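**Student:** Following this line is query23.csv, made up of CSV, C-alpha atoms:
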chain,number,residue,atom,x,y,z
A,1,PRO,CA,-134.0,84.8,72.5
A,2,TYR,CA,-130.9,86.3,71.1
A,3,PRO,CA,-129.4,84.6,68.0
A,4,PRO,CA,-126.2,82.6,68.8
A,5,ALA,CA,-123.9,84.8,66.8
A,6,ALA,CA,-124.0,87.7,64.4
A,7,PRO,CA,-124.0,86.0,60.9
A,8,ARG,CA,-121.8,88.7,59.5
A,9,GLY,CA,-119.1,88.3,62.2
A,10,ALA,CA,-115.6,87.2,61.1
A,11,LEU,CA,-115.7,84.4,63.7
A,12,ALA,CA,-119.3,83.2,63.0
A,13,GLY,CA,-119.5,79.4,63.3
A,14,ILE,CA,-117.0,79.2,66.3
A,15,ARG,CA,-118.6,78.2,69.6
A,16,VAL,CA,-116.7,79.3,72.8
A,17,ILE,CA,-117.3,78.5,76.4
A,18,ASP,CA,-116.2,81.3,78.7
A,19,PHE,CA,-115.5,79.8,82.1
A,20,GLY,CA,-113.6,82.8,83.5
A,21,GLN,CA,-114.0,85.5,86.1
A,22,MET,CA,-113.1,89.2,86.4
A,23,VAL,CA,-110.9,90.4,83.5
A,24,SER,CA,-108.5,88.2,81.6
A,25,ALA,CA,-110.6,85.3,80.4
A,26,PRO,CA,-113.9,87.3,80.0
A,27,TYR,CA,-112.1,89.9,78.0
A,28,CYS,CA,-110.5,87.3,75.8
A,29,ALA,CA,-113.9,85.7,75.2
A,30,LYS,CA,-115.4,89.2,74.5
A,31,LEU,CA,-112.9,89.6,71.6
A,32,PHE,CA,-114.4,86.3,70.2
A,33,SER,CA,-118.0,87.3,70.9
A,34,ASP,CA,-117.7,90.8,69.5
A,35,TYR,CA,-116.6,89.4,66.2
A,36,GLY,CA,-119.4,86.9,65.7
A,37,ALA,CA,-118.4,83.8,67.7
A,38,ASP,CA,-121.2,82.1,69.7
A,39,VAL,CA,-119.8,82.7,73.2
A,40,ILE,CA,-121.6,81.0,76.2
A,41,LYS,CA,-120.6,82.4,79.5
A,42,VAL,CA,-120.8,79.7,82.2
A,43,GLU,CA,-120.9,81.1,85.7
A,44,LEU,CA,-121.0,79.3,89.0
A,45,PRO,CA,-124.4,79.8,90.6
A,46,GLU,CA,-123.0,82.7,92.7
A,47,GLY,CA,-121.9,84.5,89.6
A,48,ASP,CA,-118.7,86.0,88.2
A,49,THR,CA,-116.7,87.9,90.9
A,50,ALA,CA,-116.8,90.9,88.6
A,51,ARG,CA,-120.6,91.3,89.4
A,52,SER,CA,-119.6,92.5,92.9
A,53,ALA,CA,-116.6,94.6,91.7
A,54,GLY,CA,-118.3,97.5,90.1
A,55,PRO,CA,-118.2,100.4,89.3
A,56,PHE,CA,-121.9,100.7,90.1
A,57,PRO,CA,-124.3,103.6,89.2
A,58,GLY,CA,-124.6,105.8,92.2
A,59,ASP,CA,-122.1,103.5,94.0
A,60,ASP,CA,-125.0,101.2,94.9
A,61,PRO,CA,-123.8,97.6,94.5
A,62,HIS,CA,-126.1,95.4,92.4
A,63,PRO,CA,-125.0,92.1,90.7
A,64,GLU,CA,-126.6,93.1,87.4
A,65,LYS,CA,-125.2,96.6,87.3
A,66,SER,CA,-121.5,96.2,87.5
A,67,GLY,CA,-119.7,98.2,84.8
A,68,LEU,CA,-116.8,95.8,84.8
A,69,TYR,CA,-119.0,92.8,84.2
A,70,PHE,CA,-121.1,94.7,81.6
A,71,PHE,CA,-118.1,95.7,79.5
A,72,HIS,CA,-116.5,92.3,79.4
A,73,ASN,CA,-119.5,90.2,78.6
A,74,THR,CA,-121.4,91.9,75.7
A,75,ASN,CA,-122.8,89.6,72.9
A,76,LYS,CA,-122.5,86.5,75.1
A,77,ARG,CA,-125.3,84.2,76.2
A,78,GLY,CA,-125.1,83.4,80.0
A,79,ILE,CA,-125.8,80.2,81.9
A,80,THR,CA,-125.1,78.9,85.3
A,81,CYS,CA,-123.5,75.5,86.2
A,82,ASP,CA,-122.1,74.3,89.5
A,83,VAL,CA,-119.1,72.2,88.2
A,84,ALA,CA,-118.4,71.2,91.8
A,85,HIS,CA,-121.6,69.2,91.7
A,86,PRO,CA,-121.2,65.8,90.0
A,87,GLU,CA,-124.2,66.4,87.8
A,88,GLY,CA,-123.0,70.0,87.0
A,89,ARG,CA,-119.6,68.7,86.0
A,90,ARG,CA,-121.3,66.2,83.6
A,91,LEU,CA,-123.4,69.0,82.1
A,92,PHE,CA,-120.3,71.2,81.6
A,93,LEU,CA,-118.4,68.4,79.9
A,94,ARG,CA,-121.4,67.8,77.6
A,95,LEU,CA,-121.3,71.4,76.6
A,96,LEU,CA,-117.7,71.1,75.7
A,97,GLU,CA,-118.5,68.3,73.3
A,98,HIS,CA,-120.4,70.8,71.2
A,99,SER,CA,-117.8,73.6,71.5
A,100,ASP,CA,-114.6,74.7,69.7
A,101,VAL,CA,-112.9,76.7,72.5
A,102,LEU,CA,-112.8,76.8,76.3
A,103,ILE,CA,-111.4,80.0,77.8
A,104,GLU,CA,-110.7,79.9,81.5
A,105,ASN,CA,-108.5,81.7,84.1
A,106,ASN,CA,-108.8,79.4,87.1
A,107,LEU,CA,-105.8,78.2,89.1
A,108,PRO,CA,-104.5,74.9,87.7
A,109,GLN,CA,-105.2,73.1,91.0
A,110,ARG,CA,-108.8,74.3,91.1
A,111,MET,CA,-109.4,72.9,87.6
A,112,ARG,CA,-107.9,69.6,88.8
A,113,ALA,CA,-110.1,69.6,91.9
A,114,TRP,CA,-113.2,70.1,89.6
A,115,GLY,CA,-112.0,67.2,87.4
A,116,LEU,CA,-111.5,69.6,84.6
A,117,ASP,CA,-107.8,69.2,84.0
A,118,TYR,CA,-106.6,69.4,80.4
A,119,PRO,CA,-106.2,65.6,79.8
A,120,THR,CA,-109.9,65.2,80.9
A,121,LEU,CA,-111.0,68.0,78.6
A,122,ALA,CA,-109.0,66.6,75.6
A,123,GLU,CA,-110.6,63.2,76.1
A,124,THR,CA,-114.0,64.8,76.2
A,125,ASN,CA,-113.4,66.7,72.9
A,126,PRO,CA,-110.1,66.0,71.1
A,127,ASP,CA,-110.6,69.0,68.9
A,128,LEU,CA,-111.2,71.4,71.8
A,129,VAL,CA,-108.8,74.4,72.1
A,130,VAL,CA,-108.4,75.3,75.8
A,131,ILE,CA,-107.1,78.8,76.4
A,132,SER,CA,-105.8,79.0,80.0
A,133,ILE,CA,-104.9,82.5,81.2
A,134,THR,CA,-103.2,82.8,84.6
A,135,PRO,CA,-100.8,85.2,86.2
A,136,PHE,CA,-97.9,82.7,86.1
A,137,GLY,CA,-98.8,79.9,83.7
A,138,GLN,CA,-99.6,76.2,84.1
A,139,SER,CA,-96.2,75.0,85.1
A,140,GLY,CA,-93.2,76.2,87.2
A,141,PRO,CA,-92.9,76.9,90.9
A,142,TYR,CA,-95.3,79.9,90.9
A,143,SER,CA,-98.1,78.2,88.9
A,144,GLY,CA,-100.1,77.3,92.0
A,145,TRP,CA,-99.8,80.7,93.6
A,146,ASN,CA,-102.8,83.0,94.1
A,147,GLY,CA,-102.2,86.1,92.1
A,148,TYR,CA,-103.8,89.1,90.4
A,149,ASP,CA,-102.9,91.5,87.7
A,150,LEU,CA,-100.4,93.5,89.7
A,151,ASN,CA,-98.6,90.3,90.9
A,152,ALA,CA,-98.1,89.4,87.2
A,153,PHE,CA,-97.0,92.9,86.2
A,154,HIS,CA,-94.4,93.3,88.9
A,155,LEU,CA,-93.0,89.8,88.6
A,156,SER,CA,-92.0,90.6,85.0
A,157,GLY,CA,-89.6,93.4,86.0
A,158,ALA,CA,-91.6,96.0,84.2
A,159,SER,CA,-92.0,98.3,87.2
A,160,SER,CA,-88.2,98.3,87.7
A,161,ARG,CA,-87.8,99.3,84.1
A,162,TYR,CA,-90.6,101.9,83.7
A,163,CYS,CA,-92.6,103.0,86.7
A,164,GLY,CA,-91.2,105.6,89.0
A,165,ARG,CA,-88.3,108.0,89.3
A,166,PRO,CA,-84.6,106.9,89.3
A,167,GLY,CA,-83.3,106.1,92.8
A,168,GLU,CA,-86.9,106.0,94.2
A,169,MET,CA,-89.2,103.0,94.8
A,170,PRO,CA,-91.1,101.6,91.8
A,171,LEU,CA,-94.7,102.5,91.3
A,172,GLU,CA,-97.9,100.5,90.5
A,173,HIS,CA,-99.0,100.3,86.9
A,174,GLY,CA,-102.4,101.0,85.5
A,175,THR,CA,-105.2,98.7,86.7
A,176,PHE,CA,-105.5,95.3,84.9
A,177,ALA,CA,-102.8,96.1,82.4
A,178,ALA,CA,-101.3,92.6,82.6
A,179,ASP,CA,-104.8,90.9,82.5
A,180,TYR,CA,-105.8,92.9,79.4
A,181,PHE,CA,-102.6,92.3,77.6
A,182,GLY,CA,-102.6,88.6,78.5
A,183,ALA,CA,-106.2,88.4,77.2
A,184,VAL,CA,-105.3,90.0,73.8
A,185,THR,CA,-102.3,87.7,73.6
A,186,ALA,CA,-104.5,84.7,74.4
A,187,ALA,CA,-107.1,85.6,71.9
A,188,ALA,CA,-104.5,85.9,69.1
A,189,TRP,CA,-102.8,82.6,69.7
A,190,GLY,CA,-106.0,80.8,70.8
A,191,LEU,CA,-107.5,81.7,67.4
A,192,ALA,CA,-104.3,80.5,65.7
A,193,ALA,CA,-104.8,77.2,67.5
A,194,VAL,CA,-108.4,77.0,66.3
A,195,TYR,CA,-107.5,77.5,62.7
A,196,GLY,CA,-104.4,75.2,63.2
A,197,ARG,CA,-106.3,72.2,64.4
A,198,GLU,CA,-105.8,70.3,61.2
A,199,LEU,CA,-102.0,71.0,61.3
A,200,ALA,CA,-101.7,70.1,65.0
A,201,GLY,CA,-103.9,67.1,64.7
A,202,GLY,CA,-106.6,68.3,67.0
A,203,GLY,CA,-107.0,70.8,69.8
A,204,GLN,CA,-104.4,71.8,72.4
A,205,GLN,CA,-104.0,73.9,75.5
A,206,VAL,CA,-102.8,77.4,75.0
A,207,ASP,CA,-100.9,78.2,78.2
A,208,VAL,CA,-100.8,82.0,78.7
A,209,SER,CA,-98.9,83.6,81.5
A,210,CYS,CA,-99.8,87.3,81.9
A,211,ALA,CA,-96.4,87.9,83.5
A,212,GLU,CA,-94.6,86.4,80.5
A,213,ALA,CA,-96.7,88.3,78.0
A,214,ILE,CA,-95.8,91.6,79.8
A,215,ALA,CA,-92.1,90.6,80.1
A,216,ALA,CA,-91.9,89.9,76.4
A,217,ALA,CA,-93.6,93.0,75.2
A,218,PHE,CA,-93.2,95.7,77.9
A,219,VAL,CA,-89.8,94.8,79.1
A,220,GLY,CA,-88.5,93.2,75.9
A,221,GLY,CA,-85.4,91.4,74.8
A,222,GLN,CA,-83.3,94.5,75.1
A,223,ASN,CA,-83.6,94.2,78.9
A,224,ILE,CA,-84.1,90.6,79.9
A,225,GLY,CA,-82.2,89.2,76.9
A,226,CYS,CA,-79.4,91.7,77.3
A,227,TYR,CA,-79.0,90.9,81.0
A,228,ALA,CA,-78.9,87.1,80.2
A,229,GLN,CA,-76.2,87.7,77.6
A,230,GLU,CA,-74.2,90.6,79.1
A,231,GLY,CA,-75.3,91.2,82.6
A,232,ARG,CA,-76.6,94.7,82.1
A,233,PHE,CA,-80.1,96.2,81.8
A,234,ASP,CA,-82.0,99.5,81.7
A,235,LYS,CA,-83.8,100.9,84.7
A,236,ARG,CA,-86.6,103.4,85.0
A,237,THR,CA,-85.8,107.0,84.2
A,238,GLY,CA,-88.8,108.9,85.5
A,239,VAL,CA,-90.4,111.2,83.0
A,240,GLY,CA,-88.4,111.9,79.9
A,241,MET,CA,-85.4,110.3,78.3
A,242,PRO,CA,-81.8,110.5,79.6
A,243,LEU,CA,-80.1,110.6,76.2
A,244,GLY,CA,-82.3,113.1,74.3
A,245,ALA,CA,-84.4,116.2,74.9
A,246,PRO,CA,-87.0,117.5,74.7
A,247,ALA,CA,-88.8,114.3,75.5
A,248,THR,CA,-91.1,114.8,78.5
A,249,ILE,CA,-94.5,115.8,79.9
A,250,LEU,CA,-94.8,119.6,80.4
A,251,PRO,CA,-97.6,121.7,81.9
A,252,CYS,CA,-99.7,124.0,79.7
A,253,ARG,CA,-102.5,126.4,80.2
A,254,ASP,CA,-105.2,123.7,80.5
A,255,GLY,CA,-103.4,120.6,81.4
A,256,HIS,CA,-100.3,118.8,80.0
A,257,VAL,CA,-98.7,117.9,76.8
A,258,TRP,CA,-96.3,115.0,75.9
A,259,MET,CA,-93.4,116.5,73.9
A,260,LEU,CA,-91.0,114.6,71.7
A,261,ALA,CA,-88.7,116.7,69.5
A,262,LEU,CA,-85.4,114.8,69.1
A,263,GLU,CA,-84.6,114.7,65.4
A,264,PRO,CA,-83.5,117.9,63.6
A,265,GLY,CA,-86.8,118.2,61.7
A,266,GLN,CA,-88.8,117.7,64.9
A,267,TRP,CA,-86.7,120.3,66.8
A,268,ASN,CA,-86.9,122.8,64.0
A,269,GLY,CA,-90.6,122.3,63.8
A,270,LEU,CA,-91.0,123.0,67.5
A,271,ARG,CA,-88.8,126.1,67.2
A,272,LYS,CA,-91.0,127.4,64.4
A,273,VAL,CA,-94.2,126.9,66.4
A,274,MET,CA,-92.6,128.7,69.4
A,275,GLY,CA,-91.7,131.6,67.2
A,276,ASP,CA,-88.1,130.7,66.8
A,277,PRO,CA,-86.9,132.3,70.1
A,278,GLU,CA,-83.4,133.5,70.4
A,279,TRP,CA,-82.4,131.0,73.0
A,280,ALA,CA,-83.3,128.0,70.7
A,281,SER,CA,-80.5,129.0,68.3
A,282,LEU,CA,-77.7,128.6,70.9
A,283,GLU,CA,-75.0,126.1,70.0
A,284,MET,CA,-75.7,124.1,73.2
A,285,PHE,CA,-79.2,123.3,71.9
A,286,GLN,CA,-78.4,122.1,68.4
A,287,ASP,CA,-78.5,118.3,68.9
A,288,MET,CA,-80.6,116.1,71.1
A,289,TYR,CA,-77.6,114.9,73.2
A,290,SER,CA,-76.5,118.4,74.1
A,291,ARG,CA,-80.1,119.3,74.8
A,292,ALA,CA,-80.3,116.3,77.1
A,293,GLN,CA,-77.2,117.5,79.0
A,294,ASN,CA,-78.9,120.9,79.5
A,295,ALA,CA,-82.4,119.6,80.0
A,296,ASP,CA,-83.0,121.6,83.2
A,297,VAL,CA,-82.4,124.8,81.3
A,298,ILE,CA,-84.3,123.9,78.1
A,299,TYR,CA,-87.3,122.6,79.9
A,300,GLU,CA,-87.7,125.9,81.8
A,301,PHE,CA,-87.7,127.8,78.5
A,302,ILE,CA,-90.2,125.5,76.8
A,303,ARG,CA,-92.4,125.4,80.0
A,304,GLU,CA,-92.6,129.2,79.9
A,305,TRP,CA,-94.0,128.9,76.4
A,306,THR,CA,-96.4,126.0,76.9
A,307,LEU,CA,-98.0,127.7,79.9
A,308,GLN,CA,-99.2,130.4,77.6
A,309,HIS,CA,-101.1,128.0,75.3
A,310,GLY,CA,-103.8,125.3,75.5
A,311,LYS,CA,-102.9,121.6,74.9
A,312,MET,CA,-105.1,121.2,71.8
A,313,GLU,CA,-103.6,124.3,70.2
A,314,ILE,CA,-100.0,123.1,71.0
A,315,MET,CA,-100.7,119.6,69.6
A,316,GLU,CA,-102.3,120.8,66.4
A,317,LYS,CA,-99.7,123.4,65.6
A,318,CYS,CA,-96.8,121.1,66.4
A,319,GLN,CA,-98.2,118.2,64.4
A,320,ALA,CA,-98.6,120.5,61.4
A,321,ALA,CA,-95.0,121.5,61.8
A,322,GLY,CA,-93.7,117.9,61.9
A,323,CYS,CA,-93.2,117.7,65.7
A,324,PRO,CA,-94.9,114.8,67.5
A,325,VAL,CA,-96.5,116.6,70.4
A,326,THR,CA,-99.6,115.1,71.9
A,327,ALA,CA,-102.2,116.5,74.4
A,328,VAL,CA,-102.4,114.5,77.6
A,329,PHE,CA,-106.1,113.7,78.0
A,330,THR,CA,-108.0,113.0,81.1
A,331,ILE,CA,-110.4,110.1,80.9
A,332,ALA,CA,-113.3,112.5,80.5
A,333,GLU,CA,-111.5,114.3,77.7
A,334,ALA,CA,-110.6,111.1,76.0
A,335,ALA,CA,-114.3,110.0,76.1
A,336,ALA,CA,-115.4,113.3,74.6
A,337,GLN,CA,-112.7,113.8,71.9
A,338,PRO,CA,-113.9,113.8,68.3
A,339,HIS,CA,-111.4,111.3,67.0
A,340,LEU,CA,-112.9,108.3,68.7
A,341,GLN,CA,-116.4,109.5,67.9
A,342,ALA,CA,-115.5,109.7,64.2
A,343,ARG,CA,-114.3,106.1,64.3
A,344,ASP,CA,-117.6,104.9,65.8
A,345,TYR,CA,-115.8,103.7,68.9
A,346,PHE,CA,-118.8,104.3,71.2
A,347,VAL,CA,-122.1,102.5,70.8
A,348,ASP,CA,-125.4,103.0,72.6
A,349,MET,CA,-126.8,99.9,74.3
A,350,GLU,CA,-129.9,99.0,76.2
A,351,HIS,CA,-129.7,96.8,79.4
A,352,PRO,CA,-132.7,95.7,81.5
A,353,GLN,CA,-131.2,96.9,84.7
A,354,LEU,CA,-128.8,99.7,83.6
A,355,GLY,CA,-131.1,101.2,81.0
A,356,ARG,CA,-129.5,103.0,78.0
A,357,LEU,CA,-125.8,103.6,78.3
A,358,LYS,CA,-122.7,104.0,76.2
A,359,ASN,CA,-120.2,101.2,75.6
A,360,LEU,CA,-116.9,100.8,73.8
A,361,GLY,CA,-117.1,99.5,70.3
A,362,ALA,CA,-114.9,97.1,68.4
A,363,PRO,CA,-111.2,97.7,69.2
A,364,PHE,CA,-110.1,96.4,65.8
A,365,LYS,CA,-111.5,97.5,62.5
A,366,LEU,CA,-112.6,94.8,60.0
A,367,PRO,CA,-114.5,96.7,57.3
A,368,ALA,CA,-115.7,93.6,55.4
A,369,CYS,CA,-117.2,92.1,58.6
A,370,PRO,CA,-117.3,94.7,61.4
A,371,GLY,CA,-117.5,93.6,64.9
A,372,GLY,CA,-118.4,95.2,68.2
A,373,PRO,CA,-121.0,94.8,70.9
A,374,GLU,CA,-124.7,94.5,69.8
A,375,ARG,CA,-126.2,92.7,72.8
A,376,PRO,CA,-125.8,93.6,76.4
A,377,ALA,CA,-124.1,91.4,79.0
A,378,PRO,CA,-126.4,88.6,80.1
A,379,LEU,CA,-128.2,88.5,83.4
A,380,LEU,CA,-127.1,85.7,85.7
A,381,GLY,CA,-128.5,82.5,84.2
A,382,GLN,CA,-130.5,84.4,81.6
A,383,HIS,CA,-130.0,81.8,78.9
A,384,ASN,CA,-130.2,78.6,80.9
A,385,ALA,CA,-133.3,77.2,79.3
A,386,GLU,CA,-132.2,78.3,75.8
A,387,VAL,CA,-128.7,76.9,75.8
A,388,TYR,CA,-129.4,73.6,77.7
A,389,ARG,CA,-132.3,72.9,75.3
A,390,GLU,CA,-130.4,73.9,72.2
A,391,LEU,CA,-127.1,72.1,72.9
A,392,LEU,CA,-128.0,69.3,75.2
A,393,GLY,CA,-131.7,68.6,74.2
A,394,LEU,CA,-133.0,69.2,77.7
A,395,THR,CA,-136.7,70.0,78.2
A,396,ALA,CA,-138.0,73.0,80.2
A,397,MET,CA,-138.9,70.5,83.0
A,398,ASP,CA,-135.3,69.2,83.0
A,399,VAL,CA,-133.9,72.7,83.4
A,400,ARG,CA,-136.3,73.4,86.2
A,401,GLY,CA,-135.2,70.2,87.9
A,402,LEU,CA,-131.5,71.2,87.6
A,403,ALA,CA,-132.3,74.6,89.2
A,404,GLN,CA,-134.3,72.9,92.1
A,405,ARG,CA,-131.3,70.6,92.7
A,406,ASN,CA,-128.9,73.6,92.8
A,407,VAL,CA,-127.0,72.2,89.8
A,408,ILE,CA,-127.5,75.4,87.8
Show me, as structure tokens, the structure contained in the file I just sent.

**Tutor:**
Amino acid sequence: PYPPAAPRGALAGIRVIDFGQMVSAPYCAKLFSDYGADVIKVELPEGDTARSAGPFPGDDPHPEKSGLYFFHNTNKRGITCDVAHPEGRRLFLRLLEHSDVLIENNLPQRMRAWGLDYPTLAETNPDLVVISITPFGQSGPYSGWNGYDLNAFHLSGASSRYCGRPGEMPLEHGTFAADYFGAVTAAAWGLAAVYGRELAGGGQQVDVSCAEAIAAAFVGGQNIGCYAQEGRFDKRTGVGMPLGAPATILPCRDGHVWMLALEPGQWNGLRKVMGDPEWASLEMFQDMYSRAQNADVIYEFIREWTLQHGKMEIMEKCQAAGCPVTAVFTIAEAAAQPHLQARDYFVDMEHPQLGRLKNLGAPFKLPACPGGPERPAPLLGQHNAEVYRELLGLTAMDVRGLAQRNVI
């Protein structure tokens, strides 16, 4: 059997129950597990919904081969428990007696229906930190709504601010952005609650709304706060910036580059890399505001130059000249680029169904106690016997009986 936690992990000694599905709660729990916490993933007998979400090798669905599930559940031990069954609910509450943290992303009414509302959990273990991650939070008129990542993202006003061109409809954002950001937010403040138990006088429920996390960070006080105070707010501007130029994405010989050259030093660096063309010395191009007023003209001049060069060449020369230009990578290019390789961001792992494959390493560097995935995501119910024996003192016969009665 796998050891409960890597002894060198920064969070070794913390036991976490992951009772979530898909993205937000499992990724939050992964941040604990990849840094040494003993994370036990509790799935209903039918398994995490992510097992059926893919992507799958060869597009052949298999509950043990989902890439989404694999990525979110490394370093965890996996068990099954039907909390809708009275005996399963009792087992679950007994597990919490031996735990520090519960991470879940179920609708509040579903937790109540299972008899797992926060007052019940707090009575079971007064020191338990419950991290609840939902699209809209535990209270308010939307708290009971079904919702997913994009519901949370668009409720925040972020798409009105950022996604799409002026005067046209807003656009969808990247997949699971609100869930991932909510998960990181929940991990940070959930860990604060763990270490603050003595100050708080025990555990507490950390109520994380993915929509509010996005609203606070992506939209920010300069929009929501400004509107509340003054009745004005910024809207999406498409690609680029309305008040300064160049600040946009431009095509080049082998793709695109993101260009930002607003300050005098940045603009002069770009001029130098372009060979200081005669047009760049015109008076109308000498400050970022006048360049913005003449953006259509200046972008045509710069585009003519970028199309003659590759994006890595443009990026490296501009960076050396003090101009923050960046190559726009495709996913395949990002995965192959030397920077992430040099930071050991990719690790090779073995999985009994998937074989040998690459996975993403630790997202945060802790040199004294490095984290990251070392063990693959568990098979469904893989550690039932081990965990129920270790934490609850059940025998192998007890565990077999639970399985026969469809409790686990």

**Student:** Between A:Tyr69, A:Phe176, A:Trp145, A:Tyr195, which residue has the minimum interatomic distance to Leu128 of chain A, considering all atoms listed in the file?

**Tutor:**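 Of A:Tyr69, A:Phe176, A:Trp145, A:Tyr195, the one nearest Leu128 of chain A, counting all atoms listed in the file, is A:Tyr195.
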
**Student:** Which residue gives the smallest distance to Glu104 of chain A among A:Gly67, A:Gly157, A:Gly202, A:Gly20, with only C-alpha atoms counted?

**Tutor:**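 Among the listed residues, A:Gly20 lies closest to Glu104 of chain A.
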
**Student:** Can you check which parts of segment 17-129 of chain A lie within 9 Å of segment 390-404 of chain A? Per residue, the shortest pair of atoms and distance in Å to one decimal, counting only C-alpha atoms, sorted by chain and number, as JSON lines.

**Tutor:**
{"residue": "A:Glu87", "atom": "CA", "partner": "A:Leu402", "partner_atom": "CA", "distance": 8.7}
{"residue": "A:Gly88", "atom": "CA", "partner": "A:Leu402", "partner_atom": "CA", "distance": 8.6}
{"residue": "A:Leu91", "atom": "CA", "partner": "A:Leu392", "partner_atom": "CA", "distance": 8.3}
{"residue": "A:Arg94", "atom": "CA", "partner": "A:Leu392", "partner_atom": "CA", "distance": 7.2}
{"residue": "A:Leu95", "atom": "CA", "partner": "A:Leu391", "partner_atom": "CA", "distance": 6.9}
{"residue": "A:His98", "atom": "CA", "partner": "A:Leu391", "partner_atom": "CA", "distance": 7.0}

**Student:** Can you pull out the residues contacting Arg15 of chain A? Cut-off 6 Å, using only C-alpha atoms, and skip same-chain residues under 3 positions away; I want them as a list in words.

**Tutor:**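 My reading of the contact set: Ala37, Asp38, Val39, Ser99 and Asp100 of chain A.
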
**Student:** Env of Arg90 of chain A: 12 Å cut, atoms = all atoms listed in the file, seq-sep filter 3 positions within chain, self excluded. Answer as number ranges by chain.

**Tutor:** A: 81-87, 93-97, 114-116, 120-121, 124, 392, 407-408

**Student:** To one decimal place, how far is atom CA of Arg343 of chain A from atom CA of Leu260 of chain A in Å?

**Tutor:**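 Those two atoms sit 25.9 Å apart.
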
**Student:** At what distance in Å, to one decimal, does atom CA of Lys365 of chain A lie from atom CA of Leu379 of chain A?

**Tutor:**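 Atom CA of Leu379 of chain A sits 28.2 Å away from atom CA of Lys365 of chain A.
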
**Student:** Any idea what's packed within 9 Å of Gly190 of chain A, counting only C-alpha atoms, ignoring anything in its chain fewer than 3 positions away? Could you give it as a list of chain:residue names?

**Tutor:**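 Near neighbours after the sequence-gap exclusion: A:Val101, A:Ile103, A:Val129, A:Val130, A:Ile131, A:Thr185, A:Ala186, A:Ala187, A:Ala193, A:Val194, A:Tyr195, A:Gln205, A:Val206.
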
**Student:** Could you name the residues that touch Tyr180 of chain A at 8 Å or less, counting all atoms listed in the file, but leaving out those on the same chain fewer than 4 positions away, as a PyMOL selection string?

**Tutor:** chain A and resi 23-24+27+176+184

**Student:** Need the shell around Pro363 of chain A: protein/DNA/RNA residues with any atom at most 9 Å away, counting only C-alpha atoms. Skip same-chain ones fewer than 2 positions apart. Format as a ChimeraX atom specification?

**Tutor:** /A:31,345,360-361,365,371-372
